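Here's structure.pdb, which has PDB, N, CA and C atoms:
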ATOM      1  N   MET I   1       0.854  -1.171   0.000  1.00  0.00           N
ATOM      2  CA  MET I   1       0.000   0.000   0.000  1.00  0.00           C
ATOM      3  C   MET I   1       0.894   1.225   0.000  1.00  0.00           C
ATOM      4  N   ASN I   2       0.892   1.960  -1.076  1.00  0.00           N
ATOM      5  CA  ASN I   2       1.800   3.090  -1.226  1.00  0.00           C
ATOM      6  C   ASN I   2       1.182   4.396  -0.771  1.00  0.00           C
ATOM      7  N   ASP I   3      -0.123   4.562  -0.911  1.00  0.00           N
ATOM      8  CA  ASP I   3      -0.780   5.802  -0.544  1.00  0.00           C
ATOM      9  C   ASP I   3      -1.211   5.741   0.914  1.00  0.00           C
ATOM     10  N   THR I   4      -1.129   6.883   1.577  1.00  0.00           N
ATOM     11  CA  THR I   4      -1.587   6.970   2.952  1.00  0.00           C
ATOM     12  C   THR I   4      -3.058   7.327   2.944  1.00  0.00           C
ATOM     13  N   ILE I   5      -3.834   6.580   3.698  1.00  0.00           N
ATOM     14  CA  ILE I   5      -5.248   6.885   3.840  1.00  0.00           C
ATOM     15  C   ILE I   5      -5.566   6.960   5.320  1.00  0.00           C
ATOM     16  N   LYS I   6      -6.661   7.605   5.637  1.00  0.00           N
ATOM     17  CA  LYS I   6      -7.078   7.724   7.026  1.00  0.00           C
ATOM     18  C   LYS I   6      -8.298   6.825   7.225  1.00  0.00           C
ATOM     19  N   ILE I   7      -8.191   5.935   8.190  1.00  0.00           N
ATOM     20  CA  ILE I   7      -9.282   5.027   8.527  1.00  0.00           C
ATOM     21  C   ILE I   7      -9.805   5.449   9.888  1.00  0.00           C
ATOM     22  N   ASP I   8     -10.989   6.040   9.891  1.00  0.00           N
ATOM     23  CA  ASP I   8     -11.577   6.542  11.133  1.00  0.00           C
ATOM     24  C   ASP I   8     -12.661   5.648  11.701  1.00  0.00           C
ATOM     25  N   ASN I   9     -13.157   4.731  10.879  1.00  0.00           N
ATOM     26  CA  ASN I   9     -14.267   3.912  11.353  1.00  0.00           C
ATOM     27  C   ASN I   9     -14.295   2.589  10.585  1.00  0.00           C
ATOM     28  N   ARG I  10     -15.221   1.772  10.964  1.00  0.00           N
ATOM     29  CA  ARG I  10     -15.326   0.451  10.354  1.00  0.00           C
ATOM     30  C   ARG I  10     -15.629   0.529   8.860  1.00  0.00           C
ATOM     31  N   GLY I  11     -16.456   1.485   8.475  1.00  0.00           N
ATOM     32  CA  GLY I  11     -16.786   1.654   7.060  1.00  0.00           C
ATOM     33  C   GLY I  11     -15.562   1.993   6.225  1.00  0.00           C
ATOM     34  N   ASP I  12     -14.720   2.893   6.742  1.00  0.00           N
ATOM     35  CA  ASP I  12     -13.479   3.243   6.048  1.00  0.00           C
ATOM     36  C   ASP I  12     -12.587   2.010   5.891  1.00  0.00           C
ATOM     37  N   PHE I  13     -12.491   1.224   6.963  1.00  0.00           N
ATOM     38  CA  PHE I  13     -11.673   0.019   6.899  1.00  0.00           C
ATOM     39  C   PHE I  13     -12.250  -0.960   5.881  1.00  0.00           C
ATOM     40  N   GLY I  14     -13.557  -1.092   5.856  1.00  0.00           N
ATOM     41  CA  GLY I  14     -14.196  -1.973   4.885  1.00  0.00           C
ATOM     42  C   GLY I  14     -13.902  -1.566   3.453  1.00  0.00           C
ATOM     43  N   LEU I  15     -13.969  -0.260   3.180  1.00  0.00           N
ATOM     44  CA  LEU I  15     -13.659   0.226   1.830  1.00  0.00           C
ATOM     45  C   LEU I  15     -12.203  -0.037   1.473  1.00  0.00           C
ATOM     46  N   TRP I  16     -11.303   0.190   2.445  1.00  0.00           N
ATOM     47  CA  TRP I  16      -9.891  -0.102   2.206  1.00  0.00           C
ATOM     48  C   TRP I  16      -9.706  -1.581   1.889  1.00  0.00           C
ATOM     49  N   ALA I  17     -10.347  -2.439   2.683  1.00  0.00           N
ATOM     50  CA  ALA I  17     -10.204  -3.887   2.493  1.00  0.00           C
ATOM     51  C   ALA I  17     -10.719  -4.320   1.122  1.00  0.00           C
ATOM     52  N   ILE I  18     -11.834  -3.759   0.698  1.00  0.00           N
ATOM     53  CA  ILE I  18     -12.389  -4.102  -0.616  1.00  0.00           C
ATOM     54  C   ILE I  18     -11.437  -3.694  -1.726  1.00  0.00           C
ATOM     55  N   GLU I  19     -10.914  -2.476  -1.646  1.00  0.00           N
ATOM     56  CA  GLU I  19      -9.998  -1.998  -2.679  1.00  0.00           C
ATOM     57  C   GLU I  19      -8.707  -2.819  -2.706  1.00  0.00           C
ATOM     58  N   MET I  20      -8.178  -3.138  -1.539  1.00  0.00           N
ATOM     59  CA  MET I  20      -6.960  -3.952  -1.493  1.00  0.00           C
ATOM     60  C   MET I  20      -7.218  -5.344  -2.050  1.00  0.00           C
ATOM     61  N   ALA I  21      -8.350  -5.929  -1.693  1.00  0.00           N
ATOM     62  CA  ALA I  21      -8.677  -7.261  -2.195  1.00  0.00           C
ATOM     63  C   ALA I  21      -8.791  -7.254  -3.716  1.00  0.00           C
ATOM     64  N   LYS I  22      -9.442  -6.231  -4.274  1.00  0.00           N
ATOM     65  CA  LYS I  22      -9.559  -6.137  -5.729  1.00  0.00           C
ATOM     66  C   LYS I  22      -8.185  -6.023  -6.379  1.00  0.00           C
ATOM     67  N   GLN I  23      -7.325  -5.219  -5.788  1.00  0.00           N
ATOM     68  CA  GLN I  23      -5.980  -5.042  -6.347  1.00  0.00           C
ATOM     69  C   GLN I  23      -5.181  -6.336  -6.263  1.00  0.00           C
ATOM     70  N   ILE I  24      -5.213  -6.989  -5.114  1.00  0.00           N
ATOM     71  CA  ILE I  24      -4.444  -8.230  -4.922  1.00  0.00           C
ATOM     72  C   ILE I  24      -4.959  -9.328  -5.838  1.00  0.00           C
ATOM     73  N   VAL I  25      -6.271  -9.499  -5.897  1.00  0.00           N
ATOM     74  CA  VAL I  25      -6.827 -10.551  -6.752  1.00  0.00           C
ATOM     75  C   VAL I  25      -6.549 -10.248  -8.218  1.00  0.00           C
ATOM     76  N   GLY I  26      -6.643  -8.978  -8.588  1.00  0.00           N
ATOM     77  CA  GLY I  26      -6.352  -8.605  -9.977  1.00  0.00           C
ATOM     78  C   GLY I  26      -4.922  -8.912 -10.375  1.00  0.00           C
ATOM     79  N   ASP I  27      -4.004  -8.683  -9.464  1.00  0.00           N
ATOM     80  CA  ASP I  27      -2.589  -8.903  -9.773  1.00  0.00           C
ATOM     81  C   ASP I  27      -2.183 -10.360  -9.529  1.00  0.00           C
ATOM     82  N   GLN I  28      -2.233 -10.753  -8.289  1.00  0.00           N
ATOM     83  CA  GLN I  28      -1.725 -12.069  -7.895  1.00  0.00           C
ATOM     84  C   GLN I  28      -2.679 -13.206  -8.251  1.00  0.00           C
ATOM     85  N   GLY I  29      -3.968 -12.952  -8.196  1.00  0.00           N
ATOM     86  CA  GLY I  29      -4.933 -13.992  -8.549  1.00  0.00           C
ATOM     87  C   GLY I  29      -4.822 -14.404 -10.004  1.00  0.00           C
ATOM     88  N   PHE I  30      -4.597 -13.419 -10.863  1.00  0.00           N
ATOM     89  CA  PHE I  30      -4.401 -13.720 -12.280  1.00  0.00           C
ATOM     90  C   PHE I  30      -3.175 -14.600 -12.477  1.00  0.00           C
ATOM     91  N   GLU I  31      -2.094 -14.268 -11.789  1.00  0.00           N
ATOM     92  CA  GLU I  31      -0.870 -15.064 -11.916  1.00  0.00           C
ATOM     93  C   GLU I  31      -1.083 -16.486 -11.421  1.00  0.00           C
ATOM     94  N   LEU I  32      -1.830 -16.643 -10.348  1.00  0.00           N
ATOM     95  CA  LEU I  32      -2.122 -17.979  -9.831  1.00  0.00           C
ATOM     96  C   LEU I  32      -2.969 -18.777 -10.819  1.00  0.00           C
ATOM     97  N   ALA I  33      -3.970 -18.129 -11.394  1.00  0.00           N
ATOM     98  CA  ALA I  33      -4.812 -18.810 -12.381  1.00  0.00           C
ATOM     99  C   ALA I  33      -4.014 -19.207 -13.613  1.00  0.00           C
ATOM    100  N   ARG I  34      -3.147 -18.324 -14.056  1.00  0.00           N
ATOM    101  CA  ARG I  34      -2.328 -18.631 -15.222  1.00  0.00           C
ATOM    102  C   ARG I  34      -1.371 -19.790 -14.921  1.00  0.00           C
ATOM    103  N   ALA I  35      -0.786 -19.780 -13.734  1.00  0.00           N
ATOM    104  CA  ALA I  35       0.115 -20.870 -13.356  1.00  0.00           C
ATOM    105  C   ALA I  35      -0.647 -22.192 -13.267  1.00  0.00           C
ATOM    106  N   ALA I  36      -1.869 -22.143 -12.752  1.00  0.00           N
ATOM    107  CA  ALA I  36      -2.672 -23.362 -12.648  1.00  0.00           C
ATOM    108  C   ALA I  36      -3.025 -23.901 -14.029  1.00  0.00           C
ATOM    109  N   ARG I  37      -3.250 -23.001 -14.970  1.00  0.00           N
ATOM    110  CA  ARG I  37      -3.629 -23.418 -16.317  1.00  0.00           C
ATOM    111  C   ARG I  37      -2.430 -23.890 -17.127  1.00  0.00           C
ATOM    112  N   ASP I  38      -1.328 -23.144 -17.068  1.00  0.00           N
ATOM    113  CA  ASP I  38      -0.214 -23.386 -17.988  1.00  0.00           C
ATOM    114  C   ASP I  38       1.075 -23.845 -17.316  1.00  0.00           C
ATOM    115  N   GLY I  39       1.154 -23.739 -16.009  1.00  0.00           N
ATOM    116  CA  GLY I  39       2.432 -23.943 -15.348  1.00  0.00           C
ATOM    117  C   GLY I  39       2.602 -25.315 -14.723  1.00  0.00           C
ATOM    118  N   THR I  40       3.738 -25.446 -14.100  1.00  0.00           N
ATOM    119  CA  THR I  40       4.066 -26.670 -13.368  1.00  0.00           C
ATOM    120  C   THR I  40       3.578 -26.533 -11.928  1.00  0.00           C
ATOM    121  N   ASP I  41       3.722 -27.614 -11.177  1.00  0.00           N
ATOM    122  CA  ASP I  41       3.361 -27.559  -9.758  1.00  0.00           C
ATOM    123  C   ASP I  41       4.179 -26.492  -9.034  1.00  0.00           C
ATOM    124  N   ASP I  42       5.432 -26.358  -9.391  1.00  0.00           N
ATOM    125  CA  ASP I  42       6.274 -25.323  -8.779  1.00  0.00           C
ATOM    126  C   ASP I  42       5.776 -23.919  -9.123  1.00  0.00           C
ATOM    127  N   ASP I  43       5.330 -23.722 -10.355  1.00  0.00           N
ATOM    128  CA  ASP I  43       4.778 -22.420 -10.743  1.00  0.00           C
ATOM    129  C   ASP I  43       3.537 -22.084  -9.920  1.00  0.00           C
ATOM    130  N   VAL I  44       2.672 -23.072  -9.728  1.00  0.00           N
ATOM    131  CA  VAL I  44       1.461 -22.873  -8.930  1.00  0.00           C
ATOM    132  C   VAL I  44       1.834 -22.555  -7.486  1.00  0.00           C
ATOM    133  N   ARG I  45       2.790 -23.286  -6.958  1.00  0.00           N
ATOM    134  CA  ARG I  45       3.234 -23.054  -5.583  1.00  0.00           C
ATOM    135  C   ARG I  45       3.804 -21.643  -5.424  1.00  0.00           C
ATOM    136  N   GLN I  46       4.629 -21.220  -6.369  1.00  0.00           N
ATOM    137  CA  GLN I  46       5.212 -19.878  -6.298  1.00  0.00           C
ATOM    138  C   GLN I  46       4.140 -18.798  -6.411  1.00  0.00           C
ATOM    139  N   ALA I  47       3.199 -18.986  -7.304  1.00  0.00           N
ATOM    140  CA  ALA I  47       2.127 -18.000  -7.466  1.00  0.00           C
ATOM    141  C   ALA I  47       1.240 -17.965  -6.228  1.00  0.00           C
ATOM    142  N   GLY I  48       0.973 -19.117  -5.648  1.00  0.00           N
ATOM    143  CA  GLY I  48       0.193 -19.166  -4.405  1.00  0.00           C
ATOM    144  C   GLY I  48       0.920 -18.473  -3.268  1.00  0.00           C
ATOM    145  N   ASN I  49       2.216 -18.692  -3.186  1.00  0.00           N
ATOM    146  CA  ASN I  49       3.010 -18.028  -2.158  1.00  0.00           C
ATOM    147  C   ASN I  49       3.030 -16.510  -2.365  1.00  0.00           C
ATOM    148  N   ALA I  50       3.107 -16.080  -3.616  1.00  0.00           N
ATOM    149  CA  ALA I  50       3.087 -14.645  -3.908  1.00  0.00           C
ATOM    150  C   ALA I  50       1.744 -14.032  -3.514  1.00  0.00           C
ATOM    151  N   LEU I  51       0.660 -14.745  -3.744  1.00  0.00           N
ATOM    152  CA  LEU I  51      -0.660 -14.277  -3.336  1.00  0.00           C
ATOM    153  C   LEU I  51      -0.721 -14.142  -1.820  1.00  0.00           C
ATOM    154  N   GLY I  52      -0.267 -15.151  -1.114  1.00  0.00           N
ATOM    155  CA  GLY I  52      -0.241 -15.094   0.350  1.00  0.00           C
ATOM    156  C   GLY I  52       0.629 -13.964   0.859  1.00  0.00           C
ATOM    157  N   GLN I  53       1.758 -13.727   0.215  1.00  0.00           N
ATOM    158  CA  GLN I  53       2.647 -12.649   0.640  1.00  0.00           C
ATOM    159  C   GLN I  53       2.012 -11.286   0.405  1.00  0.00           C
ATOM    160  N   ALA I  54       1.301 -11.128  -0.704  1.00  0.00           N
ATOM    161  CA  ALA I  54       0.627  -9.856  -0.984  1.00  0.00           C
ATOM    162  C   ALA I  54      -0.437  -9.569   0.075  1.00  0.00           C
ATOM    163  N   ILE I  55      -1.173 -10.580   0.488  1.00  0.00           N
ATOM    164  CA  ILE I  55      -2.172 -10.420   1.540  1.00  0.00           C
ATOM    165  C   ILE I  55      -1.485 -10.047   2.852  1.00  0.00           C
ATOM    166  N   THR I  56      -0.426 -10.760   3.186  1.00  0.00           N
ATOM    167  CA  THR I  56       0.321 -10.480   4.411  1.00  0.00           C
ATOM    168  C   THR I  56       0.859  -9.054   4.411  1.00  0.00           C
ATOM    169  N   ASN I  57       1.424  -8.621   3.291  1.00  0.00           N
ATOM    170  CA  ASN I  57       1.974  -7.270   3.202  1.00  0.00           C
ATOM    171  C   ASN I  57       0.895  -6.211   3.431  1.00  0.00           C
ATOM    172  N   ALA I  58      -0.280  -6.425   2.848  1.00  0.00           N
ATOM    173  CA  ALA I  58      -1.374  -5.467   3.025  1.00  0.00           C
ATOM    174  C   ALA I  58      -1.808  -5.402   4.488  1.00  0.00           C
ATOM    175  N   LEU I  59      -1.920  -6.536   5.127  1.00  0.00           N
ATOM    176  CA  LEU I  59      -2.321  -6.562   6.536  1.00  0.00           C
ATOM    177  C   LEU I  59      -1.267  -5.921   7.429  1.00  0.00           C
ATOM    178  N   MET I  60      -0.005  -6.180   7.140  1.00  0.00           N
ATOM    179  CA  MET I  60       1.060  -5.584   7.949  1.00  0.00           C
ATOM    180  C   MET I  60       1.106  -4.071   7.754  1.00  0.00           C
ATOM    181  N   ASP I  61       0.840  -3.596   6.543  1.00  0.00           N
ATOM    182  CA  ASP I  61       0.805  -2.155   6.293  1.00  0.00           C
ATOM    183  C   ASP I  61      -0.270  -1.475   7.135  1.00  0.00           C
ATOM    184  N   VAL I  62      -1.453  -2.056   7.170  1.00  0.00           N
ATOM    185  CA  VAL I  62      -2.526  -1.429   7.952  1.00  0.00           C
ATOM    186  C   VAL I  62      -2.227  -1.554   9.442  1.00  0.00           C
ATOM    187  N   TYR I  63      -1.644  -2.645   9.873  1.00  0.00           N
ATOM    188  CA  TYR I  63      -1.271  -2.810  11.279  1.00  0.00           C
ATOM    189  C   TYR I  63      -0.230  -1.760  11.682  1.00  0.00           C
ATOM    190  N   ASP I  64       0.787  -1.588  10.839  1.00  0.00           N
ATOM    191  CA  ASP I  64       1.805  -0.586  11.112  1.00  0.00           C
ATOM    192  C   ASP I  64       1.192   0.817  11.207  1.00  0.00           C
ATOM    193  N   GLY I  65       0.206   1.072  10.362  1.00  0.00           N
ATOM    194  CA  GLY I  65      -0.481   2.365  10.413  1.00  0.00           C
ATOM    195  C   GLY I  65      -1.235   2.566  11.705  1.00  0.00           C
ATOM    196  N   LEU I  66      -1.770   1.490  12.249  1.00  0.00           N
ATOM    197  CA  LEU I  66      -2.490   1.592  13.529  1.00  0.00           C
ATOM    198  C   LEU I  66      -1.544   1.929  14.679  1.00  0.00           C
ATOM    199  N   LEU I  67      -0.293   1.525  14.535  1.00  0.00           N
ATOM    200  CA  LEU I  67       0.682   1.730  15.607  1.00  0.00           C
ATOM    201  C   LEU I  67       1.438   3.050  15.515  1.00  0.00           C
ATOM    202  N   GLU I  68       1.233   3.800  14.433  1.00  0.00           N
ATOM    203  CA  GLU I  68       1.943   5.079  14.293  1.00  0.00           C
ATOM    204  C   GLU I  68       1.595   5.988  15.457  1.00  0.00           C
ATOM    205  N   GLY I  69       2.607   6.534  16.071  1.00  0.00           N
ATOM    206  CA  GLY I  69       2.404   7.449  17.180  1.00  0.00           C
ATOM    207  C   GLY I  69       2.213   6.791  18.528  1.00  0.00           C
ATOM    208  N   VAL I  70       2.116   5.469  18.559  1.00  0.00           N
ATOM    209  CA  VAL I  70       1.973   4.754  19.821  1.00  0.00           C
ATOM    210  C   VAL I  70       3.380   4.512  20.376  1.00  0.00           C
ATOM    211  N   PRO I  71       3.638   4.946  21.620  1.00  0.00           N
ATOM    212  CA  PRO I  71       4.982   4.742  22.164  1.00  0.00           C
ATOM    213  C   PRO I  71       5.298   3.261  22.365  1.00  0.00           C
ATOM    214  N   GLU I  72       6.547   2.906  22.070  1.00  0.00           N
ATOM    215  CA  GLU I  72       6.976   1.524  22.272  1.00  0.00           C
ATOM    216  C   GLU I  72       7.251   1.295  23.748  1.00  0.00           C
ATOM    217  N   GLU I  73       7.031   0.099  24.185  1.00  0.00           N
ATOM    218  CA  GLU I  73       7.261  -0.235  25.605  1.00  0.00           C
ATOM    219  C   GLU I  73       8.704  -0.497  25.878  1.00  0.00           C
TER     220      GLU I  73
END
Please re-express this file's structure in C-alpha coordinates.
Amino acid sequence: MNDTIKIDNRGDFGLWAIEMAKQIVGDQGFELARAARDGTDDDVRQAGNALGQAITNALMDVYDGLLEGVPEE
(Lines of atoms letter the chains of each structure in order from A and count residues from 1; the text may use other names and numbers.)
(Lines give C-alpha, C1' and ligand atoms only; values in the text may rest on other atoms or scores of the structure.)
Protein backbone atom coordinates (compact mmCIF):
# COMPACT_ATOMS: atom_id res chain seq x y z
CA MET A 1 0.00 0.00 0.00
CA ASN A 2 1.80 3.09 -1.23
CA ASP A 3 -0.78 5.80 -0.54
CA THR A 4 -1.59 6.97 2.95
CA ILE A 5 -5.25 6.88 3.84
CA LYS A 6 -7.08 7.72 7.03
CA ILE A 7 -9.28 5.03 8.53
CA ASP A 8 -11.58 6.54 11.13
CA ASN A 9 -14.27 3.91 11.35
CA ARG A 10 -15.33 0.45 10.35
CA GLY A 11 -16.79 1.65 7.06
CA ASP A 12 -13.48 3.24 6.05
CA PHE A 13 -11.67 0.02 6.90
CA GLY A 14 -14.20 -1.97 4.89
CA LEU A 15 -13.66 0.23 1.83
CA TRP A 16 -9.89 -0.10 2.21
CA ALA A 17 -10.20 -3.89 2.49
CA ILE A 18 -12.39 -4.10 -0.62
CA GLU A 19 -10.00 -2.00 -2.68
CA MET A 20 -6.96 -3.95 -1.49
CA ALA A 21 -8.68 -7.26 -2.19
CA LYS A 22 -9.56 -6.14 -5.73
CA GLN A 23 -5.98 -5.04 -6.35
CA ILE A 24 -4.44 -8.23 -4.92
CA VAL A 25 -6.83 -10.55 -6.75
CA GLY A 26 -6.35 -8.60 -9.98
CA ASP A 27 -2.59 -8.90 -9.77
CA GLN A 28 -1.73 -12.07 -7.89
CA GLY A 29 -4.93 -13.99 -8.55
CA PHE A 30 -4.40 -13.72 -12.28
CA GLU A 31 -0.87 -15.06 -11.92
CA LEU A 32 -2.12 -17.98 -9.83
CA ALA A 33 -4.81 -18.81 -12.38
CA ARG A 34 -2.33 -18.63 -15.22
CA ALA A 35 0.12 -20.87 -13.36
CA ALA A 36 -2.67 -23.36 -12.65
CA ARG A 37 -3.63 -23.42 -16.32
CA ASP A 38 -0.21 -23.39 -17.99
CA GLY A 39 2.43 -23.94 -15.35
CA THR A 40 4.07 -26.67 -13.37
CA ASP A 41 3.36 -27.56 -9.76
CA ASP A 42 6.27 -25.32 -8.78
CA ASP A 43 4.78 -22.42 -10.74
CA VAL A 44 1.46 -22.87 -8.93
CA ARG A 45 3.23 -23.05 -5.58
CA GLN A 46 5.21 -19.88 -6.30
CA ALA A 47 2.13 -18.00 -7.47
CA GLY A 48 0.19 -19.17 -4.41
CA ASN A 49 3.01 -18.03 -2.16
CA ALA A 50 3.09 -14.65 -3.91
CA LEU A 51 -0.66 -14.28 -3.34
CA GLY A 52 -0.24 -15.09 0.35
CA GLN A 53 2.65 -12.65 0.64
CA ALA A 54 0.63 -9.86 -0.98
CA ILE A 55 -2.17 -10.42 1.54
CA THR A 56 0.32 -10.48 4.41
CA ASN A 57 1.97 -7.27 3.20
CA ALA A 58 -1.37 -5.47 3.03
CA LEU A 59 -2.32 -6.56 6.54
CA MET A 60 1.06 -5.58 7.95
CA ASP A 61 0.81 -2.16 6.29
CA VAL A 62 -2.53 -1.43 7.95
CA TYR A 63 -1.27 -2.81 11.28
CA ASP A 64 1.81 -0.59 11.11
CA GLY A 65 -0.48 2.36 10.41
CA LEU A 66 -2.49 1.59 13.53
CA LEU A 67 0.68 1.73 15.61
CA GLU A 68 1.94 5.08 14.29
CA GLY A 69 2.40 7.45 17.18
CA VAL A 70 1.97 4.75 19.82
CA PRO A 71 4.98 4.74 22.16
CA GLU A 72 6.98 1.52 22.27
CA GLU A 73 7.26 -0.24 25.60
For this session: Find the spatial neighbours of Glu31 (chain I), counting all atoms listed in the file, within a cut-off of 8 Å - ignore same-chain residues fewer than 6 positions away - and output them as a list in words.
Result: Val25, Arg37, Asp43, Val44, Gln46, Ala47 and Gly48 of chain I
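Taking atom C of Gln28 (chain I) and atom N of Asp64 (chain I) as endpoints, the distance between them is 22.6 Å.
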Problem set entry | atom N of Asp8 (chain I) to atom N of Glu68 (chain I), straight-line distance in Å | 13.2 Å
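In this structure, CA of Asp27 (chain I) sits 11.0 Å away from atom N of Ala50 (chain I).
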Starting from 3 Å padding per side, set up an axis-aligned box that covers all listed atoms of region 17-32 of chain I and hand over centre and edge lengths in Å, one decimal, as AutoDock Vina command-line options.
--center_x -6.6 --center_y -10.4 --center_z -4.9 --size_x 17.5 --size_y 22.8 --size_z 21.2
For this session: Apply DSSP to the backbone of this structure and, from chain I, keep only the residues in helix (DSSP H, G or I); write these as a PyMOL selection string.
Result: chain I and resi 10-38+41-67
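Closest approach to Lys22 (chain I) among I:Met60, I:Ile7, I:Leu67, I:Ala54: I:Ala54, based on only C-alpha atoms.
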